[in-house]
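Chemist: Just so it is clear, I am handing over work21.txt, which has compact mmCIF, C-alpha atoms and all ligand atoms.
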# COMPACT_ATOMS: atom_id res chain seq x y z
CA MET A 101 33.63 -3.69 -2.87
CA THR A 102 30.94 -6.37 -2.90
CA ILE A 103 27.81 -5.74 -0.92
CA ASP A 104 25.49 -8.62 -0.13
CA THR A 105 22.00 -7.67 -1.25
CA GLU A 106 20.67 -11.24 -1.04
CA THR A 107 19.86 -11.19 2.66
CA SER A 108 18.56 -8.54 5.03
CA THR A 109 19.80 -10.00 8.31
CA ALA A 110 21.46 -7.79 10.89
CA ALA A 111 24.76 -9.51 10.07
CA ALA A 112 24.35 -8.69 6.37
CA SER A 113 23.50 -5.02 6.92
CA GLY A 114 26.27 -4.80 9.52
CA ALA A 115 28.80 -6.35 7.15
CA SER A 116 27.71 -3.93 4.39
CA ALA A 117 28.03 -0.93 6.71
CA THR A 118 31.48 -2.09 7.85
CA GLU A 119 32.70 -2.52 4.24
CA ARG A 120 31.23 0.85 3.32
CA PHE A 121 33.09 2.54 6.17
CA ARG A 122 36.36 0.84 5.26
CA ALA A 123 36.03 1.91 1.64
CA ASP A 124 35.11 5.57 2.26
CA LYS A 125 36.38 6.75 5.61
CA SER A 126 39.06 4.65 7.26
CA PRO A 127 41.83 6.02 4.96
CA TYR A 128 41.25 9.45 6.57
CA ALA A 129 41.15 8.25 10.14
CA ALA A 130 44.49 6.64 10.96
CA VAL A 131 45.33 6.44 14.68
CA LYS A 132 49.02 6.94 13.84
CA ASP A 133 48.23 10.51 12.67
CA THR A 134 46.84 11.47 16.10
CA PRO A 135 49.44 13.05 18.42
CA LYS A 136 50.55 10.84 21.35
CA GLU A 137 49.47 13.42 23.92
CA ARG A 138 45.95 13.45 22.50
CA VAL A 139 45.62 9.64 22.37
CA ASP A 140 46.98 9.48 25.93
CA VAL A 141 44.45 11.92 27.41
CA LEU A 142 41.43 10.60 25.51
CA ALA A 143 42.19 6.91 26.17
CA ARG A 144 42.97 7.59 29.83
CA GLU A 145 39.75 9.55 30.42
CA VAL A 146 37.51 7.04 28.65
CA LEU A 147 39.07 4.16 30.62
CA GLY A 148 38.76 6.23 33.79
CA ALA A 149 35.03 6.66 33.16
CA VAL A 150 34.71 2.87 32.71
CA HIS A 151 36.65 2.22 35.95
CA ALA A 152 34.49 4.72 37.84
CA THR A 153 31.30 3.02 36.58
CA ILE A 154 32.59 -0.40 37.68
CA ARG A 155 33.40 0.89 41.17
CA LYS A 156 30.18 2.87 41.53
CA HIS A 157 27.94 -0.07 40.56
CA LYS A 158 30.17 -2.88 41.88
CA VAL A 159 30.22 -4.64 38.50
CA THR A 160 30.65 -8.42 38.92
CA TYR A 161 32.78 -10.94 36.96
CA ASP A 162 29.58 -12.31 35.37
CA GLU A 163 28.74 -8.82 34.12
CA TYR A 164 32.32 -8.25 32.95
CA ASN A 165 32.20 -11.50 30.95
CA ALA A 166 28.77 -10.63 29.53
CA LEU A 167 30.27 -7.37 28.29
CA LYS A 168 33.29 -9.14 26.78
CA SER A 169 31.06 -11.63 25.00
CA TRP A 170 28.79 -8.83 23.73
CA LEU A 171 31.71 -6.74 22.42
CA ILE A 172 33.04 -9.77 20.52
CA GLN A 173 29.61 -10.15 18.90
CA VAL A 174 29.43 -6.46 17.92
CA GLY A 175 32.59 -6.98 15.89
CA GLU A 176 31.67 -10.36 14.46
CA GLY A 177 28.29 -9.03 13.29
CA GLY A 178 29.93 -5.96 11.72
CA GLU A 179 27.85 -3.72 14.00
CA TRP A 180 30.51 -1.23 15.12
CA PRO A 181 29.31 1.38 12.57
CA LEU A 182 25.72 0.89 13.73
CA PHE A 183 26.60 1.00 17.44
CA LEU A 184 28.79 4.09 17.15
CA ASP A 185 26.47 6.03 14.84
CA VAL A 186 23.40 5.32 17.02
CA TRP A 187 24.91 5.99 20.46
CA VAL A 188 28.00 8.16 19.99
CA GLU A 189 27.98 10.13 16.71
CA HIS A 190 25.43 12.76 17.81
CA VAL A 191 27.89 14.26 20.31
CA VAL A 192 30.74 14.29 17.77
CA GLU A 193 28.41 16.13 15.37
CA GLU A 194 27.41 18.63 18.06
CA VAL A 195 31.05 19.46 18.80
CA ALA A 196 32.06 19.58 15.11
CA THR A 197 29.34 22.03 14.03
CA SER A 198 28.84 24.29 17.07
CA HIS A 199 30.47 27.28 15.28
CA ARG A 200 28.00 27.29 12.37
CA GLN A 201 25.86 30.27 11.35
CA GLY A 202 24.01 28.42 8.57
CA SER A 203 21.73 25.39 8.62
CA GLN A 204 21.80 22.92 11.49
CA GLY A 205 23.10 19.45 10.73
CA THR A 206 22.83 16.09 12.40
CA ILE A 207 24.46 12.65 12.21
CA GLU A 208 25.26 10.81 8.98
CA GLY A 209 24.48 7.29 10.23
CA PRO A 210 25.80 4.07 8.66
CA TYR A 211 23.97 3.98 5.31
CA TYR A 212 25.39 6.79 3.14
CA VAL A 213 26.79 5.75 -0.25
CA PRO A 214 28.66 8.36 -2.33
CA ASN A 215 28.05 9.02 -6.04
CA ALA A 216 24.30 8.41 -6.20
CA PRO A 217 22.81 8.98 -9.68
CA GLU A 218 22.47 12.59 -10.88
CA CYS A 219 18.85 13.79 -11.05
CA GLY A 220 19.34 17.43 -12.14
CA ALA A 221 18.04 20.53 -10.32
CA ASP A 222 14.43 19.42 -10.81
CA GLY A 223 14.10 15.68 -10.76
CA THR A 224 12.77 12.42 -9.42
CA ILE A 225 14.90 10.23 -7.17
CA PRO A 226 15.54 6.71 -8.56
CA MET A 227 12.56 4.56 -7.56
CA ARG A 228 10.72 1.46 -8.71
CA PRO A 229 7.77 1.87 -11.12
CA GLU A 230 5.23 1.13 -8.37
CA GLU A 231 7.28 2.42 -5.41
CA PRO A 232 4.99 2.12 -2.35
CA GLY A 233 4.53 5.23 -0.21
CA THR A 234 3.06 8.75 -0.26
CA PRO A 235 4.60 10.90 -3.03
CA LEU A 236 6.51 13.91 -1.68
CA ALA A 237 7.46 16.99 -3.72
CA TRP A 238 10.10 19.15 -2.04
CA GLU A 239 11.30 22.55 -3.23
CA GLY A 240 14.08 24.68 -1.81
CA THR A 241 17.18 26.77 -2.36
CA ILE A 242 20.82 26.40 -1.40
CA THR A 243 22.44 29.69 -0.42
CA SER A 244 25.50 30.95 1.43
CA THR A 245 25.13 32.67 4.82
CA ASP A 246 25.09 36.07 3.03
CA GLY A 247 22.08 34.98 0.94
CA THR A 248 23.94 34.33 -2.35
CA PRO A 249 22.54 31.33 -4.27
CA LEU A 250 25.24 28.66 -4.63
CA ASP A 251 25.55 27.73 -8.30
CA ASN A 252 26.59 24.08 -8.74
CA ALA A 253 25.77 23.12 -5.16
CA LYS A 254 24.89 19.44 -4.79
CA LEU A 255 22.14 17.97 -2.63
CA GLU A 256 22.61 14.25 -2.04
CA ILE A 257 19.59 12.44 -0.62
CA TRP A 258 19.11 8.93 0.74
CA HIS A 259 16.27 7.38 2.72
CA CYS A 260 14.55 4.08 3.44
CA ASP A 261 11.52 2.73 1.59
CA ASP A 262 7.95 2.12 2.77
CA LEU A 263 9.11 -1.03 4.61
CA GLY A 264 11.85 0.91 6.44
CA LEU A 265 14.70 -0.67 4.42
CA TYR A 266 17.70 1.03 2.74
CA SER A 267 18.92 0.00 -0.70
CA GLN A 268 22.42 -1.61 -0.64
CA PHE A 269 21.94 -2.61 3.03
CA SER A 270 19.00 -5.01 2.66
CA LYS A 271 17.60 -7.23 -0.06
CA GLY A 272 14.91 -6.50 -2.60
CA GLN A 273 15.67 -3.01 -3.88
CA PRO A 274 17.58 -1.91 -6.98
CA GLU A 275 21.12 -0.70 -6.18
CA TRP A 276 20.39 3.06 -6.15
CA ASN A 277 16.75 2.96 -5.05
CA LEU A 278 15.81 6.13 -3.13
CA ARG A 279 19.33 7.56 -3.48
CA GLY A 280 19.97 10.59 -5.70
CA THR A 281 22.12 13.68 -6.31
CA PHE A 282 20.46 16.99 -7.25
CA THR A 283 22.75 19.69 -8.71
CA VAL A 284 21.42 23.26 -8.71
CA GLY A 285 22.00 26.05 -11.24
CA PRO A 286 22.80 29.76 -10.69
CA ASP A 287 19.46 30.37 -8.89
CA GLY A 288 20.31 27.75 -6.24
CA ARG A 289 16.86 26.18 -6.59
CA PHE A 290 15.98 22.49 -6.49
CA THR A 291 12.85 20.35 -6.75
CA VAL A 292 13.00 16.78 -5.49
CA ARG A 293 10.28 14.21 -6.12
CA THR A 294 10.41 11.15 -3.87
CA ILE A 295 8.20 9.27 -1.39
CA LYS A 296 7.82 9.84 2.35
CA PRO A 297 9.98 7.24 4.13
CA GLN A 298 8.64 5.18 7.04
CA PRO A 299 10.07 5.12 10.57
CA TYR A 300 13.19 2.96 10.76
CA GLN A 301 13.86 0.16 13.23
CA ILE A 302 17.53 -0.69 13.69
CA PRO A 303 18.25 -4.42 13.17
CA THR A 304 17.08 -6.32 16.26
CA GLU A 305 18.69 -9.76 15.71
CA GLY A 306 22.28 -8.58 16.19
CA ALA A 307 24.31 -7.35 19.15
CA CYS A 308 22.79 -3.84 19.11
CA GLY A 309 19.33 -5.42 19.20
CA GLN A 310 20.41 -7.58 22.15
CA LEU A 311 21.53 -4.50 24.07
CA ILE A 312 18.23 -2.75 23.34
CA GLU A 313 16.23 -5.74 24.55
CA ALA A 314 18.41 -6.37 27.61
CA ALA A 315 18.11 -2.70 28.65
CA GLY A 316 14.37 -2.44 27.93
CA TRP A 317 14.84 0.25 25.27
CA HIS A 318 13.18 0.46 21.84
CA ALA A 319 14.88 0.22 18.43
CA TRP A 320 13.11 3.04 16.56
CA ARG A 321 14.21 6.12 14.69
CA PRO A 322 11.51 8.52 13.46
CA ALA A 323 10.94 8.72 9.68
CA HIS A 324 13.79 10.75 8.21
CA ILE A 325 15.37 11.85 4.94
CA HIS A 326 19.19 11.98 4.97
CA VAL A 327 20.97 14.79 3.12
CA LYS A 328 24.47 15.96 2.35
CA VAL A 329 24.78 19.44 0.83
CA THR A 330 28.06 20.55 -0.75
CA ALA A 331 29.21 23.65 -2.64
CA PRO A 332 32.61 25.01 -3.64
CA ALA A 333 34.36 26.88 -0.76
CA HIS A 334 31.61 25.94 1.72
CA GLU A 335 31.45 23.52 4.62
CA LEU A 336 29.78 20.18 4.01
CA LEU A 337 26.34 20.03 5.62
CA THR A 338 25.18 16.56 6.71
CA ALA A 339 21.62 16.50 8.07
CA GLN A 340 18.35 14.59 8.33
CA LEU A 341 14.85 15.99 7.96
CA TYR A 342 11.92 14.77 10.02
CA PHE A 343 8.12 14.82 9.85
CA PRO A 344 5.86 16.45 12.47
CA GLY A 345 3.80 14.05 14.57
CA ASP A 346 6.08 11.01 14.27
CA ARG A 347 5.83 9.02 17.49
CA HIS A 348 9.60 8.75 17.79
CA ASN A 349 10.54 12.41 17.24
CA ASP A 350 10.97 12.77 21.00
CA ASP A 351 12.73 9.48 21.73
CA ASP A 352 14.91 8.76 18.68
CA ILE A 353 17.24 5.84 19.52
CA ALA A 354 20.03 7.81 17.78
CA SER A 355 19.33 11.18 19.56
CA ALA A 356 19.56 12.93 16.17
CA VAL A 357 16.34 15.01 16.03
CA LYS A 358 16.54 18.82 16.31
CA PRO A 359 13.61 21.27 16.03
CA GLU A 360 15.32 23.07 13.10
CA LEU A 361 15.21 19.85 11.07
CA MET A 362 11.41 19.46 11.08
CA LEU A 363 9.69 19.61 7.68
CA ALA A 364 6.23 21.17 7.44
CA PRO A 365 4.58 19.15 4.66
CA GLU A 366 1.13 20.05 3.36
CA ASP A 367 -1.43 17.59 2.05
CA ARG A 368 -2.26 18.20 -1.57
CA PRO A 369 -5.65 17.44 -3.20
CA ASP A 370 -4.18 14.47 -5.10
CA GLY A 371 -3.06 12.78 -1.85
CA SER A 372 0.60 13.69 -2.23
CA LEU A 373 2.66 15.90 0.10
CA GLY A 374 4.32 19.23 -0.77
CA VAL A 375 7.05 20.81 1.29
CA ALA A 376 9.55 23.68 1.19
CA TYR A 377 12.92 23.48 3.00
CA ASP A 378 16.05 25.50 2.24
CA PHE A 379 19.72 25.06 3.11
CA ILE A 380 22.23 27.73 4.13
CA LEU A 381 25.91 26.74 3.96
CA ASP A 382 28.76 28.28 5.95
CA PRO A 383 31.70 29.56 3.87
CA ILE A 384 34.98 27.85 4.75
CA GLN A 385 36.89 30.41 6.85
C1 LIG B 1 19.78 4.71 10.26
O1 LIG B 1 19.00 4.80 9.18
C2 LIG B 1 20.23 5.85 10.76
O2 LIG B 1 19.88 6.98 10.15
C3 LIG B 1 21.05 5.82 11.89
C4 LIG B 1 21.54 7.09 12.47
C5 LIG B 1 21.38 4.65 12.50
C6 LIG B 1 20.92 3.48 11.98
C7 LIG B 1 20.13 3.51 10.85
FE FE B 2 18.71 6.59 8.40
Here is a file; write its structure as structure tokens.

Modeler:
Amino acid sequence: MTIDTETSTAAASGASATERFRADKSPYAAVKDTPKERVDVLAREVLGAVHATIRKHKVTYDEYNALKSWLIQVGEGGEWPLFLDVWVEHVVEEVATSHRQGSQGTIEGPYYVPNAPECGADGTIPMRPEEPGTPLAWEGTITSTDGTPLDNAKLEIWHCDDLGLYSQFSKGQPEWNLRGTFTVGPDGRFTVRTIKPQPYQIPTEGACGQLIEAAGWHAWRPAHIHVKVTAPAHELLTAQLYFPGDRHNDDDIASAVKPELMLAPEDRPDGSLGVAYDFILDPIQ
């Protein structure tokens, strides 16, 4: 896979997200493996909801053609992953994890890359020598729902930089900047050193940006740290952690904030932040 890191246009980040999805996920998601009865009921009900909206609001041919033109642009700009993850994924996540006893999760979003560099149980995420941003030291444990520490559990972390940009989806950052894997020992403990990310604005020049502007919405997500936590015989936990007081915690464009995902960082005398946050994984039944 080649990812264009020379430009940071919406089309470039969209194309990168589309390639990423094709490489990692589309092999697992073939329509042909879904039973006919299921495709029939889901497709019929979604189309029925579209038909009902057209009738209710007396949608015109001009509006129908505006929609057609916009959908063509979503595809051409590679923005289907962005569109779906921002406006649809949160409900899929809610349904998929409603049985859990352990930690709450939230959406993955379009910018996860597997196999980030290993940082150990106590380490610093890959960053540039003068990485801008407030240093953040985060300690925690990974346990099972019965309290047992999960030896060999992995905490993968990715987040944007102080300009709100993700490595591999915009220009100017080394390949693995602010992406790391932390593997714990028998005590389940980890210490992560990174920087506090800034709020993130989804690309505004592409089709998703056009929708936001045309509808009078805003393009912001609150500052967040993405995580995936895995351990043998346990369910994968995908989550994001947020910071108190962010102006977009209550109106996240991606509807992905939950109260259980709030960090409680403390200011340290040296100007850095310290925080504790633990993860509890559900055993696979
Ligand atoms: C992101 O960084 C993100 O987390 C989501 C959900 C959508 C777009 C960009
Ligand atoms: Fe994100």

Chemist: I'd like the interatomic distance between CA of Cys219 (chain A) and CA of Ser372 (chain A), to a tenth of an Å.

Modeler: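 Rounded to one decimal, the two atoms are 20.3 Å apart.
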
Chemist: Which residue is closest to ligand LIG 1 (chain B)? Choose from A:Gly223, A:Gly148, A:Pro229, A:Pro299 and count only C-alpha atoms and all ligand atoms.

Modeler: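 Nearest candidate to ligand LIG 1 (chain B) out of A:Gly223, A:Gly148, A:Pro229, A:Pro299: A:Pro299.
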
Chemist: May I have the protein, DNA and RNA residues with an atom at most 12 Å from (11.0, 7.9, 16.5), counting all atoms listed in the file in the file's coordinates, returned as a ChimeraX atom specification?

Modeler: /A:298-302,318-324,342-357

Chemist: For ligand FE 2 (chain B), which residue out of A:Leu311, A:Cys260, A:Leu336, A:Leu373 is the nearest one, using all atoms listed in the file?

Modeler: A:Cys260

Chemist: Residues contacting ligand LIG 1 (chain B) - anything with an atom at most 7 Å away, using only C-alpha atoms and all ligand atoms - can you give me those as a list in words?

Modeler: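 Listing the residues within 7 Å of ligand LIG 1 (chain B) gives Leu182, Asp185, Val186, Ile207, Glu208, Gly209, Pro210, Tyr211, Tyr300, Ile302 and Ala354 of chain A.
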
Chemist: Please list as a ChimeraX atom specification every residue within 10 Å of Trp180 (chain A), counting all atoms listed in the file and excluding residues in the same chain fewer than 2 positions away.

Modeler: /A:114-115,117-118,171,173-178,182-186,210,307-308

Chemist: Generate the output file for the selected residues, C-alpha atoms, as a PDB file, in the coordinates of the input.

Modeler:
ATOM      1  CA  GLY A 114      26.270  -4.800   9.520  1.00  0.00           C
ATOM      2  CA  ALA A 115      28.800  -6.350   7.150  1.00  0.00           C
ATOM      3  CA  ALA A 117      28.030  -0.930   6.710  1.00  0.00           C
ATOM      4  CA  THR A 118      31.480  -2.090   7.850  1.00  0.00           C
ATOM      5  CA  LEU A 171      31.710  -6.740  22.420  1.00  0.00           C
ATOM      6  CA  GLN A 173      29.610 -10.150  18.900  1.00  0.00           C
ATOM      7  CA  VAL A 174      29.430  -6.460  17.920  1.00  0.00           C
ATOM      8  CA  GLY A 175      32.590  -6.980  15.890  1.00  0.00           C
ATOM      9  CA  GLU A 176      31.670 -10.360  14.460  1.00  0.00           C
ATOM     10  CA  GLY A 177      28.290  -9.030  13.290  1.00  0.00           C
ATOM     11  CA  GLY A 178      29.930  -5.960  11.720  1.00  0.00           C
ATOM     12  CA  LEU A 182      25.720   0.890  13.730  1.00  0.00           C
ATOM     13  CA  PHE A 183      26.600   1.000  17.440  1.00  0.00           C
ATOM     14  CA  LEU A 184      28.790   4.090  17.150  1.00  0.00           C
ATOM     15  CA  ASP A 185      26.470   6.030  14.840  1.00  0.00           C
ATOM     16  CA  VAL A 186      23.400   5.320  17.020  1.00  0.00           C
ATOM     17  CA  PRO A 210      25.800   4.070   8.660  1.00  0.00           C
ATOM     18  CA  ALA A 307      24.310  -7.350  19.150  1.00  0.00           C
ATOM     19  CA  CYS A 308      22.790  -3.840  19.110  1.00  0.00           C
TER      20      CYS A 308
END

Chemist: In terms of the shortest atom-to-atom distance over all atoms listed in the file, which of A:Asp222, A:Asp261, A:Glu335, A:Asp367 is closest to ligand FE 2 (chain B)?

Modeler: A:Asp261

Chemist: Using only C-alpha atoms, which of the listed residues (A:Lys156, A:Ala166, A:Trp317, A:Val213) sits closest to Arg120 (chain A)?

Modeler: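 Comparing A:Lys156, A:Ala166, A:Trp317, A:Val213 against Arg120 (chain A), the winner is A:Val213.
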
Chemist: Separation of CA of Val141 (chain A) and CA of Val192 (chain A), in Å?

Modeler: 16.9 Å

Chemist: In Å, with one decimal, what is the gap from CA of Glu230 (chain A) to CA of Thr338 (chain A)?

Modeler: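 CA of Glu230 (chain A) sits 29.4 Å away from CA of Thr338 (chain A).
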
Chemist: Rank nothing, just name the residue among A:Ile295, A:Ala314, A:Ala376, A:Met362 nearest to Met227 (chain A), using only C-alpha atoms.

Modeler: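 Of the candidates, the smallest distance to Met227 (chain A) is held by A:Ile295.
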
Chemist: With distances taken over all atoms listed in the file, which of A:Arg200, A:Arg144, A:Arg228, A:His326 is nearest to ligand FE 2 (chain B)?

Modeler: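 Smallest separation from ligand FE 2 (chain B) among the options: A:His326.
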
Chemist: Report as a PyMOL selection string all protein, DNA and RNA residues lying within 12 Å of region 161-165 of chain A, evaluated on all atoms listed in the file, omitting residues in the same chain fewer than 6 positions from it.

Modeler: chain A and resi 150-151+153-154+171-172

Chemist: How big is the axis-aligned box around all listed atoms of region 334-352 of chain A once 4 Å goes on each side, and where's its centre, in Å to one decimal, as JSON?

Modeler:
{"center_x": 17.7, "center_y": 17.3, "center_z": 11.7, "size_x": 35.8, "size_y": 25.2, "size_z": 28.0}

Chemist: Which polymer residues, whether protein, DNA or RNA, lie within 9 Å of the coordinate (22.7, 8.4, -4.2) when you count all atoms listed in the file? List them as a PDB file with C-alpha atoms, in the coordinates of the input, using the chain letters and numbers from the file.

Modeler:
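New file point-v1.pdb:
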ATOM      1  CA  TYR A 212      25.390   6.790   3.140  1.00  0.00           C
ATOM      2  CA  VAL A 213      26.790   5.750  -0.250  1.00  0.00           C
ATOM      3  CA  PRO A 214      28.660   8.360  -2.330  1.00  0.00           C
ATOM      4  CA  ASN A 215      28.050   9.020  -6.040  1.00  0.00           C
ATOM      5  CA  ALA A 216      24.300   8.410  -6.200  1.00  0.00           C
ATOM      6  CA  PRO A 217      22.810   8.980  -9.680  1.00  0.00           C
ATOM      7  CA  GLU A 218      22.470  12.590 -10.880  1.00  0.00           C
ATOM      8  CA  ILE A 225      14.900  10.230  -7.170  1.00  0.00           C
ATOM      9  CA  PRO A 226      15.540   6.710  -8.560  1.00  0.00           C
ATOM     10  CA  GLU A 256      22.610  14.250  -2.040  1.00  0.00           C
ATOM     11  CA  ILE A 257      19.590  12.440  -0.620  1.00  0.00           C
ATOM     12  CA  TRP A 258      19.110   8.930   0.740  1.00  0.00           C
ATOM     13  CA  TRP A 276      20.390   3.060  -6.150  1.00  0.00           C
ATOM     14  CA  ASN A 277      16.750   2.960  -5.050  1.00  0.00           C
ATOM     15  CA  LEU A 278      15.810   6.130  -3.130  1.00  0.00           C
ATOM     16  CA  ARG A 279      19.330   7.560  -3.480  1.00  0.00           C
ATOM     17  CA  GLY A 280      19.970  10.590  -5.700  1.00  0.00           C
ATOM     18  CA  THR A 281      22.120  13.680  -6.310  1.00  0.00           C
TER      19      THR A 281
END
